[in-house]
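J.: After the structure tokens below, expect a handful of questions from me.
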Amino acid sequence: MSEPADSAPAAWTLEIEADQIGCLTLDKPASSANTLSRSVLLELERLLRGIASEPLRGLIIRSGKPSGFIAGADIREFTTFESPAAALAHIRLGQAVCAMLEALPYPTAAAIHGFALGGGLELALACRYRVALADSKLNLGLPEVQLGIHPGFGGTVRSVRLLGVRTAMSLMLTGRSVRADRAQAIGLVDRMVDRMAELRDCARQILRTAPAPHRPALTQRVLSWPGVRSLVRPALLRQVAAQASREHYPAPYAIVDLWTQYGARGAQAYAAEAASITSLFSSDTTRNLIRVFLLQDRLKGLAGKGSSGFERVHVVGAGVMGGDIAAWCALRGLQVTLQDRELKLIEPALARARALFEKRLPTPAERAQASERLRSDVAGVGVREADVLIEAIFEDLAAKRALYAACEPHMRAGALLATNTSSLTLETLSVTLRRPEQFVGLHFFNPVAQMPLVEVVHSAQTRPEALSAAMSFVRRIDKLPLPCRSSPGFLVNRVLFPYLHEALHAAGEGIALRTIDRAAVDFGMPMGPIQLSDVVGLDVLLHVGEIVTSELQRPAPPYTAKLRELVAAGQLGRKSGQGFYRWQEGKIADQTAGPAPPADLTDRLILVLLNECVACARETIVADTDLIDAGVIFGTGFAPFRGGPITYARSRGLQACVARLHELEQRYGERFHPDAGWAQLHAETAGIA
């Protein structure tokens, strides 16, 4: 056993077994997950120096955490670098440790369970072999581009050498993770086991037999030859450009540049990787994306720790939202009953659930188990046993109240009653409830499987214990909880509708729909407001928009009349195949880009959204402006590289935003009048500075 030189508790434990196979176990103190902080890297460096000359037959690297292997570098340390030189020194330390591991004179194996992400996977790549537990939790990836950087501990080199150009580039450029069923097929994992108890023995076995390490096919290796790289580069750049611009997201372009110049070979490739990531650390994009990562961590932490105690969920309403909420809960291991008026209304939801399980779960057994956890329940038998009942029927006040009156008397004591309403306030919904103190909003976003945020809505009547339980439930199903005060539209729809309505104002002025969308996408939004309207559903947009604007006593845009015509004609957007756009197989049929937008169109769309965010801050819809940024990013996809709407407003200059709003007000009307909250925000920002 080895202790670090200082008095800090050891993170690593070394065991050398009778067969002379060593095992290094990482169990970072006071942390639920392992990360490669500076102290952890320095401790590992000392250990590797000490055992490099030991006559071992092999070395296993494993985790002592139940949660997984290693989650990556310690992201919080990235915010503490005092200079580029300090950042470079940290990266070079990580590279040096991985190089020492790779250079050991005996074989090495990473024994992986749960996850190996970022720097954690880079450490595993420095081992000769990787073995893994093949279950639905296995999650391997290089997600650094999501932080505005790229792998820095040698991953841009070793991933290409192990997997080949195309596979490695797909991992790095998209940041997407690899699941168990694909990890072995691409050569990322050498062997799989089905039970945790077998993992260490599997690693020991592969070290004893020492087979030839995996190598990519010759057709893949050829792509890294000097004369070939320049031919492959344009295709890679087209792939990147289809997803993001170099101006907004420089990291994926830097990955292609590194490979093009060095071909994932030699000491220069590692040095260039370190210099490149150090340069990215100082970019606005990276600072903002790291901020987004930390905001995500904050949302996770709002639910507190410990077991949620939730096992059974009853969902009423098997439409798109209700059915998909039920499927997601079953996917995350809960027992779920799904109720609607007739079985034929539930069957499409069950079919979508099976497709979700097929996509997300690696084995037939796991898919079958998930399907067994989701049951149709026309009679509503599950109401009596449910820990939480989620109402997800259409946005009609009378219908929802009637449903509560029918269900609430049969719910067990202590169970949560939750509504998925997107616009109605808890105060209006709870008038006839027996226990309004147990009533919360759980506002999911469409599509449920992709959108990470759930607004957890509470009123003055909601008991703190009920709110806390609702937050825990959201974390139990692996979503991000955002506590919101009950008010029209809560946070996300409240700020989204002025943005969508401004797009309709522009359309009413004759600006081409594709031009309106182009203005938003050029700003960095994942899709334009017109396309988003089609995706949400024009019927939903019309109905919820009327509720929110009425509650806030605001006029609807003139183009709403056109919206009503489309809805009356059954042209509801993507789900009907025709809305503002024509859709085929879930995509807009004609992908032609619109003409360049007018000079002020982007400001019209974005500043009206910012103005509403400031109003929400003034009204304390959520606790603070950081939560506004988090909610709008994770609930709408607001350009993450800009750090959130309030952060963007601060970077642009609060006074500049107000001045521009006054200009737009003079030209387009009162809807651009700056909210009184700008002065409050200015005072808070001055205090922060």
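Ordering of the structure tokens sets the chain letters (A, B, ...); residue numbers start at 1 within each chain; ligands are numbered from 1 in the order shown.
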Can you pull out every residue within 7 Å of segment 321-330 of chain A, counting only C-alpha atoms, but drop anything in the same chain fewer than 5 positions away, and send it as a list in words?
T.: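 Contacts, in chain order: Val315, Val316, Gln335, Val336, Leu338, Ala349, Ala353, Ala370, Arg373, Leu374, Ala392, Asn446, Val448, Ala449 and Ile477 of chain A.
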J.: Please provide as a list of chain:residue names all residues within 9 Å of segment 61-65 of chain A, with the sequence filter that same-chain residues fewer than 5 positions apart are discarded (counting only C-alpha atoms).
T.: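 Listed by chain and then number, they are A:Gly22, A:Cys23, A:Leu24, A:Thr25, A:Leu26, A:Asp27, A:Lys28, A:Ser32, A:Ala33, A:Asn34, A:Ile70, A:Thr108, A:Ala109, A:Ala110, A:Ala111, A:Ile112, A:His113, A:Ala124, A:Cys127, A:Arg200.
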J.: Quick one: everything within 6 Å of Val131 of chain A, counting only C-alpha atoms, minus sequence neighbours fewer than 2 positions away in the same chain. Send it as a CSV table (one decimal) with N, CA, C and O atoms, in the first residue's frame.
T.:
chain,number,residue,atom,x,y,z
A,111,ALA,N,-9.8,-2.0,-15.8
A,111,ALA,CA,-11.0,-2.7,-15.5
A,111,ALA,C,-12.1,-1.7,-15.3
A,111,ALA,O,-12.1,-1.1,-14.3
A,189,VAL,N,-13.0,-1.8,-26.2
A,189,VAL,CA,-12.9,-2.7,-25.1
A,189,VAL,C,-12.5,-4.1,-25.7
A,189,VAL,O,-13.0,-4.5,-26.7
A,190,ASP,N,-11.5,-4.8,-25.0
A,190,ASP,CA,-11.0,-6.0,-25.5
A,190,ASP,C,-11.9,-7.2,-25.1
A,190,ASP,O,-12.1,-8.1,-25.8
A,191,ARG,N,-12.4,-7.1,-23.8
A,191,ARG,CA,-13.2,-8.2,-23.4
A,191,ARG,C,-14.3,-7.7,-22.5
A,191,ARG,O,-14.1,-6.6,-21.8
A,192,MET,N,-15.5,-8.4,-22.4
A,192,MET,CA,-16.6,-8.0,-21.6
A,192,MET,C,-17.0,-9.1,-20.7
A,192,MET,O,-16.8,-10.3,-21.0
J.: One decimal, in Å: what's the spacing between atom CA of Gly635 of chain A and atom CA of Thr421 of chain A?
T.: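 According to the coordinates, atom CA of Gly635 of chain A and atom CA of Thr421 of chain A are separated by 14.8 Å.
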J.: Could you tell me, as a PyMOL selection string, which residues of segment 436-587 of chain A DSSP assigns to alpha helix (DSSP H) when given the backbone?
T.: chain A and resi 464-476+492-508+513-523+529-536+538-551+560-568
